[in-house]
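Novice: Pasting entry25.cif below, which is mmCIF, C-alpha atoms.
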```cif
data_protein
loop_
_atom_site.label_atom_id
_atom_site.label_comp_id
_atom_site.auth_asym_id
_atom_site.auth_seq_id
_atom_site.Cartn_x
_atom_site.Cartn_y
_atom_site.Cartn_z
CA MET A 1 -40.19 12.82 -0.45
CA LYS A 2 -41.08 11.99 -4.05
CA ILE A 3 -37.42 12.23 -5.02
CA MET A 4 -36.56 9.84 -2.18
CA LYS A 5 -39.14 7.30 -3.41
CA LEU A 6 -37.87 7.64 -6.98
CA LEU A 7 -34.31 7.05 -5.80
CA MET A 8 -35.41 3.97 -3.86
CA VAL A 9 -37.09 2.54 -6.98
CA LEU A 10 -34.01 3.35 -9.06
CA CYS A 11 -31.81 1.72 -6.45
CA GLY A 12 -33.98 -1.42 -6.39
CA ALA A 13 -33.85 -1.61 -10.19
CA LEU A 14 -30.06 -1.27 -10.13
CA ALA A 15 -29.82 -3.94 -7.43
CA LEU A 16 -31.81 -6.34 -9.61
CA ALA A 17 -29.79 -5.42 -12.70
CA GLY A 18 -26.61 -6.05 -10.71
CA CYS A 19 -27.44 -9.76 -10.20
CA ALA A 20 -25.27 -10.84 -13.12
CA THR A 21 -21.86 -9.46 -14.00
CA VAL A 22 -19.74 -10.05 -17.10
CA GLU A 23 -16.30 -8.44 -17.01
CA MET A 24 -13.42 -8.85 -19.41
CA SER A 25 -10.01 -7.22 -19.21
CA SER A 26 -8.79 -5.24 -22.19
CA ALA A 27 -6.58 -6.85 -24.81
CA GLY A 28 -3.30 -5.26 -23.73
CA ALA A 29 -3.62 -6.03 -20.02
CA MET A 30 -2.03 -9.49 -20.25
CA LYS A 31 0.87 -10.99 -22.17
CA GLY A 32 0.22 -12.41 -25.64
CA GLY A 33 -3.19 -10.82 -26.07
CA ASP A 34 -4.74 -12.98 -23.33
CA ARG A 35 -7.79 -11.55 -21.59
CA LEU A 36 -9.24 -12.36 -18.20
CA LEU A 37 -12.96 -13.13 -18.25
CA VAL A 38 -15.11 -13.18 -15.11
CA ILE A 39 -18.82 -14.02 -15.12
CA GLN A 40 -20.81 -13.96 -11.91
CA ASN A 41 -24.47 -14.56 -11.18
CA ASP A 42 -26.60 -14.28 -8.05
CA GLY A 43 -29.87 -15.99 -7.29
CA TYR A 44 -32.22 -15.50 -4.36
CA GLU A 45 -34.64 -18.03 -2.90
CA LEU A 46 -37.16 -17.75 -0.12
CA LEU A 47 -36.15 -20.18 2.64
CA GLY A 48 -34.09 -22.08 0.08
CA ILE A 49 -37.27 -23.47 -1.51
CA LEU A 50 -38.95 -20.88 -3.68
CA PRO A 51 -36.78 -19.13 -6.29
CA LEU A 52 -37.52 -15.40 -6.20
CA TRP A 53 -35.17 -13.84 -8.71
CA SER A 54 -31.78 -14.29 -10.29
CA GLY A 55 -29.61 -12.84 -12.98
CA ASN A 56 -30.11 -14.38 -16.40
CA LEU A 57 -27.42 -14.28 -19.06
CA THR A 58 -28.40 -15.00 -22.65
CA TRP A 59 -26.43 -14.82 -25.86
CA ASN A 60 -27.83 -12.22 -28.27
CA GLU A 61 -27.37 -13.78 -31.73
CA LYS A 62 -28.24 -10.53 -33.49
CA LEU A 63 -25.80 -8.25 -31.65
CA GLN A 64 -23.32 -11.07 -30.85
CA CYS A 65 -23.03 -10.11 -27.20
CA VAL A 66 -24.27 -11.17 -23.79
CA ASP A 67 -27.62 -9.81 -22.61
CA ARG A 68 -28.01 -9.37 -18.87
CA GLU A 69 -31.55 -9.75 -17.62
CA VAL A 70 -33.40 -10.51 -14.42
CA ALA A 71 -35.48 -13.69 -14.20
CA PHE A 72 -38.26 -13.81 -11.62
CA PHE A 73 -39.29 -17.06 -9.89
CA ARG A 74 -36.33 -18.87 -11.47
CA ASN A 75 -32.78 -19.45 -10.36
CA HIS A 76 -30.24 -19.39 -13.19
CA SER A 77 -27.34 -19.13 -10.79
CA ASP A 78 -25.55 -22.36 -11.74
CA THR A 79 -22.01 -22.95 -12.96
CA GLN A 80 -23.12 -24.89 -16.09
CA HIS A 81 -25.06 -21.84 -17.29
CA LEU A 82 -22.01 -19.62 -16.78
CA TYR A 83 -19.69 -22.12 -18.48
CA GLU A 84 -21.95 -22.17 -21.56
CA MET A 85 -21.81 -18.36 -21.65
CA ALA A 86 -18.00 -18.36 -21.30
CA LYS A 87 -17.75 -20.82 -24.23
CA ARG A 88 -20.02 -18.58 -26.34
CA ILE A 89 -17.85 -15.54 -25.62
CA ALA A 90 -14.67 -17.52 -26.37
CA GLU A 91 -16.11 -18.74 -29.70
CA HIS A 92 -17.10 -15.20 -30.62
CA GLU A 93 -13.63 -13.85 -29.75
CA ASN A 94 -11.96 -16.80 -31.56
CA CYS A 95 -10.20 -17.80 -28.35
CA ASP A 96 -9.65 -20.90 -26.23
CA LEU A 97 -10.40 -21.04 -22.52
CA VAL A 98 -7.45 -21.52 -20.15
CA ASP A 99 -7.27 -21.57 -16.33
CA VAL A 100 -11.00 -22.11 -15.90
CA THR A 101 -12.13 -22.00 -12.27
CA PHE A 102 -15.62 -22.18 -10.82
CA VAL A 103 -17.02 -20.72 -7.62
CA ASP A 104 -20.32 -21.99 -6.27
CA ASN A 105 -21.31 -20.42 -2.96
CA TYR A 106 -24.68 -21.73 -1.90
CA LEU A 107 -25.00 -19.92 1.38
CA GLY A 108 -28.05 -21.79 2.63
CA LEU A 109 -30.12 -20.54 5.52
CA ASN A 110 -27.75 -18.32 7.36
CA PRO A 111 -28.59 -16.72 10.70
CA GLN A 112 -26.15 -13.90 9.90
CA SER A 113 -27.83 -13.21 6.57
CA PHE A 114 -28.66 -9.56 6.11
CA TYR A 115 -31.88 -10.54 4.39
CA GLY A 116 -33.06 -13.11 6.95
CA ALA A 117 -35.17 -15.68 5.10
CA LEU A 118 -33.61 -14.88 1.72
CA VAL A 119 -31.09 -17.51 0.64
CA ASN A 120 -28.41 -16.34 -1.73
CA SER A 121 -26.68 -18.63 -4.23
CA ASP A 122 -23.68 -17.05 -5.83
CA THR A 123 -21.88 -18.68 -8.75
CA ALA A 124 -18.94 -17.42 -10.76
CA ILE A 125 -16.54 -18.55 -13.44
CA SER A 126 -13.11 -17.14 -14.12
CA ALA A 127 -11.16 -17.98 -17.27
CA VAL A 128 -8.39 -16.67 -19.45
CA LEU A 129 -9.28 -16.15 -23.11
CA ARG A 130 -6.24 -17.13 -25.20
CA PRO A 131 -6.34 -16.18 -28.90
CA ARG A 132 -6.24 -19.21 -31.21
CA LYS A 133 -3.17 -19.50 -33.40
CA MET B 1 -28.70 11.89 13.56
CA LYS B 2 -27.81 13.15 10.08
CA LYS B 3 -24.32 14.08 11.29
CA LEU B 4 -23.86 10.62 12.83
CA PHE B 5 -24.96 9.00 9.57
CA ALA B 6 -22.51 11.20 7.62
CA VAL B 7 -19.65 10.26 9.97
CA VAL B 8 -20.45 6.51 9.74
CA LEU B 9 -20.72 6.65 5.92
CA ALA B 10 -17.49 8.67 5.59
CA SER B 11 -15.62 6.23 7.83
CA VAL B 12 -16.85 3.28 5.74
CA LEU B 13 -15.80 5.00 2.51
CA CYS B 14 -12.38 5.87 4.00
CA GLY B 15 -11.88 2.21 4.85
CA CYS B 16 -11.83 1.49 1.15
CA CYS B 17 -8.43 0.06 0.29
CA SER B 18 -6.62 -2.53 -1.73
CA TYR B 19 -5.02 -5.67 -0.42
CA SER B 20 -1.96 -6.83 -2.26
CA GLU B 21 0.30 -9.73 -1.31
CA LEU B 22 3.34 -11.00 -3.15
CA LYS B 23 4.99 -14.13 -1.78
CA ARG B 24 8.16 -15.45 -3.28
CA ASP B 25 8.25 -19.19 -3.97
CA MET B 26 11.65 -20.82 -3.57
CA GLY B 27 10.38 -24.35 -4.19
CA SER B 28 11.02 -26.52 -7.21
CA VAL B 29 7.52 -27.96 -7.64
CA LYS B 30 6.24 -27.35 -11.15
CA VAL B 31 2.73 -26.12 -11.94
CA ASP B 32 1.49 -26.72 -15.48
CA GLY B 33 5.06 -27.58 -16.46
CA ARG B 34 6.47 -24.29 -15.19
CA THR B 35 8.32 -23.43 -11.99
CA PRO B 36 6.63 -20.57 -10.10
CA VAL B 37 8.86 -17.92 -8.52
CA ALA B 38 6.05 -16.12 -6.65
CA SER B 39 2.37 -16.10 -5.90
CA TYR B 40 0.45 -12.86 -6.08
CA GLU B 41 -3.00 -11.85 -4.93
CA VAL B 42 -4.67 -8.46 -5.21
CA ALA B 43 -8.11 -7.37 -4.03
CA ASN B 44 -9.47 -3.89 -4.52
CA VAL B 45 -12.57 -2.27 -3.06
CA SER B 46 -14.56 0.68 -4.36
CA TYR B 47 -17.78 2.44 -3.44
CA SER B 48 -20.02 4.31 -5.85
CA LEU B 49 -23.26 6.20 -5.64
CA LEU B 50 -26.01 4.09 -7.24
CA GLY B 51 -23.25 2.19 -9.04
CA LEU B 52 -22.77 5.22 -11.26
CA VAL B 53 -20.82 7.97 -9.50
CA PRO B 54 -17.45 6.90 -8.00
CA LEU B 55 -17.09 7.80 -4.32
CA SER B 56 -13.90 6.16 -3.15
CA THR B 57 -11.50 3.46 -4.25
CA GLY B 58 -8.43 1.51 -3.24
CA LEU B 59 -5.41 2.02 -5.49
CA THR B 60 -3.34 0.00 -7.93
CA TRP B 61 0.16 -1.20 -6.96
CA LYS B 62 2.46 0.77 -9.27
CA ASP B 63 5.58 1.60 -7.26
CA GLY B 64 7.92 0.09 -4.73
CA PRO B 65 9.32 -3.39 -4.16
CA TYR B 66 6.91 -4.34 -1.38
CA SER B 67 3.35 -5.37 -2.16
CA ASP B 68 1.98 -3.52 0.85
CA ASP B 69 3.31 -0.26 -0.68
CA VAL B 70 -0.02 -0.10 -2.43
CA GLY B 71 -0.86 3.35 -1.09
CA SER B 72 -4.01 4.48 0.62
CA MET B 73 -7.22 5.40 -1.18
CA ALA B 74 -8.56 8.04 -3.52
CA TRP B 75 -11.82 9.96 -3.46
CA PHE B 76 -14.13 10.22 -6.45
CA GLU B 77 -12.18 7.73 -8.56
CA ASP B 78 -12.70 4.11 -9.48
CA ALA B 79 -9.60 1.93 -9.81
CA CYS B 80 -11.52 -1.24 -9.11
CA SER B 81 -11.51 -3.26 -12.33
CA LEU B 82 -9.82 -6.32 -13.80
CA ASP B 83 -7.56 -4.01 -15.86
CA ASP B 84 -6.42 -2.16 -12.73
CA ASN B 85 -5.73 -5.42 -10.92
CA LEU B 86 -3.80 -6.73 -13.91
CA ALA B 87 -1.71 -3.52 -13.80
CA SER B 88 -0.80 -4.51 -10.21
CA VAL B 89 0.02 -8.01 -11.49
CA ARG B 90 2.34 -6.50 -14.14
CA HIS B 91 4.15 -4.53 -11.43
CA ALA B 92 4.49 -7.74 -9.36
CA CYS B 93 6.01 -9.38 -12.45
CA LYS B 94 8.56 -6.53 -12.70
CA VAL B 95 9.46 -6.92 -9.01
CA VAL B 96 10.17 -10.66 -9.30
CA ARG B 97 11.63 -10.30 -12.82
CA ALA B 98 9.42 -12.94 -14.38
CA ASP B 99 6.37 -12.55 -16.55
CA ASP B 100 4.85 -15.94 -17.18
CA LEU B 101 1.45 -16.07 -15.48
CA VAL B 102 0.03 -19.41 -14.38
CA ASN B 103 -3.47 -20.11 -12.99
CA VAL B 104 -4.78 -16.57 -13.32
CA THR B 105 -8.17 -16.23 -11.62
CA GLY B 106 -10.44 -13.25 -11.14
CA ARG B 107 -13.50 -12.49 -9.11
CA VAL B 108 -15.91 -9.56 -9.29
CA ASP B 109 -18.43 -9.09 -6.45
CA ASP B 110 -21.03 -6.37 -6.29
CA TYR B 111 -22.53 -5.88 -2.84
CA TRP B 112 -25.88 -4.16 -2.72
CA ALA B 113 -26.35 -4.39 1.06
CA TRP B 114 -25.60 -0.68 1.19
CA SER B 115 -28.15 0.06 -1.50
CA CYS B 116 -30.60 1.42 1.07
CA PHE B 117 -28.04 4.22 1.36
CA PHE B 118 -27.70 4.33 -2.46
CA VAL B 119 -24.14 3.06 -2.21
CA LYS B 120 -22.77 0.08 -4.14
CA LYS B 121 -19.65 -1.70 -2.94
CA ARG B 122 -17.53 -3.54 -5.51
CA VAL B 123 -14.69 -5.94 -4.75
CA VAL B 124 -12.44 -7.20 -7.55
CA LYS B 125 -9.92 -9.94 -6.75
CA THR B 126 -7.19 -11.36 -8.94
CA SER B 127 -4.66 -14.05 -8.08
CA CYS B 128 -1.99 -15.87 -10.02
CA LEU B 129 1.33 -17.63 -9.90
CA ILE B 130 4.26 -15.92 -11.59
CA ALA B 131 6.75 -18.24 -13.29
CA LYS B 132 9.92 -17.80 -15.27
CA PRO B 133 9.59 -18.96 -18.86
CA GLU B 134 11.00 -22.46 -19.34
CA PRO B 135 14.25 -22.51 -21.36
CA LYS B 136 13.65 -23.95 -24.85
#
```
In structure tokens, how does this file's structure come out?
Specialist:
Amino acid sequence: MKIMKLLMVLCGALALAGCATVEMSSAGAMKGGDRLLVIQNDGYELLGILPLWSGNLTWNEKLQCVDREVAFFRNHSDTQHLYEMAKRIAEHENCDLVDVTFVDNYLGLNPQSFYGALVNSDTAISAVLRPRK
Amino acid sequence: MKKLFAVVLASVLCGCCSYSELKRDMGSVKVDGRTPVASYEVANVSYSLLGLVPLSTGLTWKDGPYSDDVGSMAWFEDACSLDDNLASVRHACKVVRADDLVNVTGRVDDYWAWSCFFVKKRVVKTSCLIAKPEPK
């Protein structure tokens, strides 16, 4: 039973950690050294009013990489936030952004929602990183 | 009850597959100054235990001229990443004999609805237009 509880806690922690995703294809996957970058962030609000938690992406100046955190009682799931992060990554990789597309799925109060009163806002950005000449 | 749960979980994991669709474009409308010869979309699904141990995955399109020749699924592997999807895109490029990609978009979705069963579902989607390089 203790193992079950521990697994549940671990699972909850992983679920929270999974709010924000940053994925980049490897350098050889596309022609000309292009790389596909996808950043996605989820936020949850109670009844669409009270922010409960969301992923939070910050740029780590020291390690020059993106830190993925969880922010409680805030909703960082907005496209502007993701765009800023994509620009930071592009600057760091000495690349330009091409084919930038945004996804903003604010699901609102949804009777089919698995979580009932929890409202999920899901934002994502997709872009191609093209090395500067 | 445990057996029923095992059967339901196994059937969900077996349903893990990739969707791949290549449509040839015979039009002459240019996109970003290039003439597309095909549109391609690939979506792959995988399940893993706690997001750590791969359970099942859809496969990458590597062989055959038809995009629905993508094969079935594999157990205890994870072929659900942007790199794997881009490998399918490269095969699509070979099939249509063009390799200029236009409007490449990707999407990565992690679904934790199954987390009460310690299972994470991941869906990675990639779409693009494939164009022939413009003559200089």
Novice: Would you list the contacts of A:Trp59 as JSON, numbers by chain, taking every protein, DNA or RNA residue within 8 Å and counting only C-alpha atoms, but skipping same-chain residues closer than 5 positions in sequence?
Specialist: {"A": [64, 65, 66, 67, 85, 88]}
Novice: On this file, the PyMOL selection byres ((chain A) within 6 of (chain B)) gives some set of residues; write that set as a ChimeraX atom specification.
Specialist: /A:25,99,126
Novice: The PyMOL selection byres ((chain B and resi 19) around 8) on the file shown: which residues, as a compact mmCIF listing (two decimals) with C-alpha atoms, keeping the file's coordinate frame?
Specialist:
```txt
# COMPACT_ATOMS: atom_id res chain seq x y z
CA CYS B 17 -8.43 0.06 0.29
CA SER B 18 -6.62 -2.53 -1.73
CA SER B 20 -1.96 -6.83 -2.26
CA GLU B 21 0.30 -9.73 -1.31
CA GLU B 41 -3.00 -11.85 -4.93
CA VAL B 42 -4.67 -8.46 -5.21
CA ALA B 43 -8.11 -7.37 -4.03
CA ASN B 44 -9.47 -3.89 -4.52
CA ASP B 68 1.98 -3.52 0.85
CA VAL B 70 -0.02 -0.10 -2.43
```
Novice: What would the selection look like, as an MDAnalysis selection string, if the PyMOL selection byres ((chain A and resi 78) around 12) were run on the coordinates I just shared?
Specialist: chainID A and resid 20 39:43 54:57 74:77 79:85 102:106 121:125
Novice: Name the residues in contact with B:Ala92 at a cut-off of 8 Å, using only C-alpha atoms, excluding same-chain residues fewer than 4 positions from it; report them as JSON, numbers by chain.
Specialist: {"B": [22, 40, 67, 88, 96]}
Novice: Here is a test: counting all atoms listed in the file, which residue of B:Ala38, B:Met73, B:Ala98, B:Val45 is nearest to B:Lys23?
Specialist: B:Ala38
Novice: Have a look at atom CA of B:Val7 and atom CA of B:Leu55 and let me know their distance in Å, one decimal.
Specialist: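 Straight-line distance from atom CA of B:Val7 to atom CA of B:Leu55 works out to 14.7 Å.
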Novice: How many Å lie between atom CA of A:Pro131 and atom CA of A:Lys87, rounded to one decimal?
Specialist: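 Computing it gives 13.2 Å between the two atoms.
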Novice: Give me, as a PyMOL selection string, all polymer residues having an atom no more than 6 Å from stretch 28-34 of chain A, counting all atoms listed in the file and skipping those fewer than 2 positions away in the same chain.
Specialist: chain A and resi 26+129-130
Novice: Keeping only C-alpha atoms, write the selected residues as a PDB file, in the coordinates of the input.
Specialist:
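Produced file again_7.pdb, reproduced below:
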```pdb
ATOM      1  CA  SER A  26      -8.790  -5.240 -22.190  1.00  0.00           C
ATOM      2  CA  LEU A 129      -9.280 -16.150 -23.110  1.00  0.00           C
ATOM      3  CA  ARG A 130      -6.240 -17.130 -25.200  1.00  0.00           C
TER       4      ARG A 130
END
```
Novice: Enter the distance from atom CA of A:Lys62 to atom CA of A:His92, in Å, rounded to one decimal.
Specialist: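 Calculated distance between atom CA of A:Lys62 and atom CA of A:His92 is 12.4 Å.
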Novice: Find the smallest box with edges along x, y and z containing every listed atom of stretch 124-132 of chain B, then add 5 Å on each side and report centre and edge lengths in Å to one decimal, as lines of an AutoDock Vina configuration file.
Specialist:
```
center_x = -1.3
center_y = -12.7
center_z = -11.0
size_x = 32.4
size_y = 21.0
size_z = 18.5
```
Novice: Using all atoms listed in the file, which of B:Arg24, B:Arg97, B:Lys125, B:Lys30 sits nearest B:Cys80?
Specialist: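 Checking each of B:Arg24, B:Arg97, B:Lys125, B:Lys30 against B:Cys80, counting all atoms listed in the file, the winner is B:Lys125.
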Novice: Looking at only C-alpha atoms, which of A:Val22, A:Leu118, A:Leu50, A:Val128 is the one that sits closest to A:Leu97?
Specialist: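 Closest to A:Leu97 of all the choices is A:Val128.
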Novice: Excluding B:Gly27 and any residue of its chain fewer than 5 positions from it, enumerate the residues within 9 Å of it, using all atoms listed in the file, and give them as a PyMOL selection string.
Specialist: chain B and resi 35-37
Novice: Take stretch 30-106 of chain A from the block and save it with C-alpha atoms, as a PDB file, in the first residue's frame.
Specialist:
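The result, stored in result35.pdb:
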```pdb
ATOM      1  CA  MET A  30      16.201  18.415 -41.765  1.00  0.00           C
ATOM      2  CA  LYS A  31      17.881  19.801 -44.854  1.00  0.00           C
ATOM      3  CA  GLY A  32      20.482  22.549 -44.448  1.00  0.00           C
ATOM      4  CA  GLY A  33      20.916  22.109 -40.710  1.00  0.00           C
ATOM      5  CA  ASP A  34      17.389  23.349 -39.970  1.00  0.00           C
ATOM      6  CA  ARG A  35      15.816  22.139 -36.740  1.00  0.00           C
ATOM      7  CA  LEU A  36      12.183  21.908 -35.750  1.00  0.00           C
ATOM      8  CA  LEU A  37      11.389  23.494 -32.395  1.00  0.00           C
ATOM      9  CA  VAL A  38       8.143  22.854 -30.510  1.00  0.00           C
ATOM     10  CA  ILE A  39       7.295  24.489 -27.186  1.00  0.00           C
ATOM     11  CA  GLN A  40       4.048  23.683 -25.425  1.00  0.00           C
ATOM     12  CA  ASN A  41       2.601  24.810 -22.120  1.00  0.00           C
ATOM     13  CA  ASP A  42      -0.514  23.874 -20.162  1.00  0.00           C
ATOM     14  CA  GLY A  43      -2.322  25.883 -17.539  1.00  0.00           C
ATOM     15  CA  TYR A  44      -5.208  24.884 -15.302  1.00  0.00           C
ATOM     16  CA  GLU A  45      -7.820  27.160 -13.763  1.00  0.00           C
ATOM     17  CA  LEU A  46     -10.672  26.445 -11.407  1.00  0.00           C
ATOM     18  CA  LEU A  47     -13.928  27.316 -13.198  1.00  0.00           C
ATOM     19  CA  GLY A  48     -11.916  29.506 -15.571  1.00  0.00           C
ATOM     20  CA  ILE A  49     -11.433  32.115 -12.824  1.00  0.00           C
ATOM     21  CA  LEU A  50      -8.769  31.026 -10.376  1.00  0.00           C
ATOM     22  CA  PRO A  51      -5.409  29.947 -11.832  1.00  0.00           C
ATOM     23  CA  LEU A  52      -4.282  26.757 -10.093  1.00  0.00           C
ATOM     24  CA  TRP A  53      -1.060  25.760 -11.785  1.00  0.00           C
ATOM     25  CA  SER A  54       0.757  25.963 -15.082  1.00  0.00           C
ATOM     26  CA  GLY A  55       4.085  25.186 -16.616  1.00  0.00           C
ATOM     27  CA  ASN A  56       6.619  27.986 -16.390  1.00  0.00           C
ATOM     28  CA  LEU A  57       9.515  28.276 -18.797  1.00  0.00           C
ATOM     29  CA  THR A  58      12.425  30.517 -17.874  1.00  0.00           C
ATOM     30  CA  TRP A  59      15.758  31.119 -19.540  1.00  0.00           C
ATOM     31  CA  ASN A  60      18.680  30.053 -17.351  1.00  0.00           C
ATOM     32  CA  GLU A  61      21.395  32.661 -18.041  1.00  0.00           C
ATOM     33  CA  LYS A  62      24.032  30.633 -16.215  1.00  0.00           C
ATOM     34  CA  LEU A  63      23.522  27.315 -18.016  1.00  0.00           C
ATOM     35  CA  GLN A  64      22.166  28.938 -21.227  1.00  0.00           C
ATOM     36  CA  CYS A  65      19.180  26.623 -21.428  1.00  0.00           C
ATOM     37  CA  VAL A  66      15.464  26.558 -20.708  1.00  0.00           C
ATOM     38  CA  ASP A  67      14.352  25.685 -17.181  1.00  0.00           C
ATOM     39  CA  ARG A  68      10.992  23.957 -16.874  1.00  0.00           C
ATOM     40  CA  GLU A  69       9.159  24.659 -13.652  1.00  0.00           C
ATOM     41  CA  VAL A  70       5.655  24.555 -12.258  1.00  0.00           C
ATOM     42  CA  ALA A  71       4.015  27.809 -11.157  1.00  0.00           C
ATOM     43  CA  PHE A  72       1.160  27.584  -8.658  1.00  0.00           C
ATOM     44  CA  PHE A  73      -1.745  30.071  -8.665  1.00  0.00           C
ATOM     45  CA  ARG A  74      -0.474  31.590 -11.926  1.00  0.00           C
ATOM     46  CA  ASN A  75      -1.153  30.835 -15.549  1.00  0.00           C
ATOM     47  CA  HIS A  76       1.861  31.261 -17.825  1.00  0.00           C
ATOM     48  CA  SER A  77       0.186  29.426 -20.658  1.00  0.00           C
ATOM     49  CA  ASP A  78       0.190  32.242 -23.220  1.00  0.00           C
ATOM     50  CA  THR A  79       1.650  32.401 -26.716  1.00  0.00           C
ATOM     51  CA  GLN A  80       3.681  35.594 -26.023  1.00  0.00           C
ATOM     52  CA  HIS A  81       5.566  33.788 -23.260  1.00  0.00           C
ATOM     53  CA  LEU A  82       6.355  30.888 -25.586  1.00  0.00           C
ATOM     54  CA  TYR A  83       7.392  33.213 -28.416  1.00  0.00           C
ATOM     55  CA  GLU A  84       9.866  34.972 -26.108  1.00  0.00           C
ATOM     56  CA  MET A  85      11.322  31.570 -25.182  1.00  0.00           C
ATOM     57  CA  ALA A  86      11.579  30.530 -28.855  1.00  0.00           C
ATOM     58  CA  LYS A  87      13.454  33.793 -29.617  1.00  0.00           C
ATOM     59  CA  ARG A  88      15.847  33.134 -26.708  1.00  0.00           C
ATOM     60  CA  ILE A  89      16.589  29.628 -27.988  1.00  0.00           C
ATOM     61  CA  ALA A  90      17.062  30.933 -31.551  1.00  0.00           C
ATOM     62  CA  GLU A  91      19.486  33.631 -30.331  1.00  0.00           C
ATOM     63  CA  HIS A  92      21.436  31.056 -28.347  1.00  0.00           C
ATOM     64  CA  GLU A  93      21.644  28.697 -31.345  1.00  0.00           C
ATOM     65  CA  ASN A  94      22.519  31.624 -33.677  1.00  0.00           C
ATOM     66  CA  CYS A  95      19.472  30.875 -35.810  1.00  0.00           C
ATOM     67  CA  ASP A  96      16.508  32.703 -37.306  1.00  0.00           C
ATOM     68  CA  LEU A  97      12.921  31.590 -36.824  1.00  0.00           C
ATOM     69  CA  VAL A  98      11.016  30.408 -39.909  1.00  0.00           C
ATOM     70  CA  ASP A  99       7.498  28.948 -40.295  1.00  0.00           C
ATOM     71  CA  VAL A 100       6.341  30.159 -36.886  1.00  0.00           C
ATOM     72  CA  THR A 101       2.861  28.933 -35.963  1.00  0.00           C
ATOM     73  CA  PHE A 102       0.923  29.376 -32.742  1.00  0.00           C
ATOM     74  CA  VAL A 103      -1.721  27.176 -31.166  1.00  0.00           C
ATOM     75  CA  ASP A 104      -3.928  28.584 -28.423  1.00  0.00           C
ATOM     76  CA  ASN A 105      -6.572  26.149 -27.210  1.00  0.00           C
ATOM     77  CA  TYR A 106      -8.533  27.714 -24.391  1.00  0.00           C
TER      78      TYR A 106
END
```
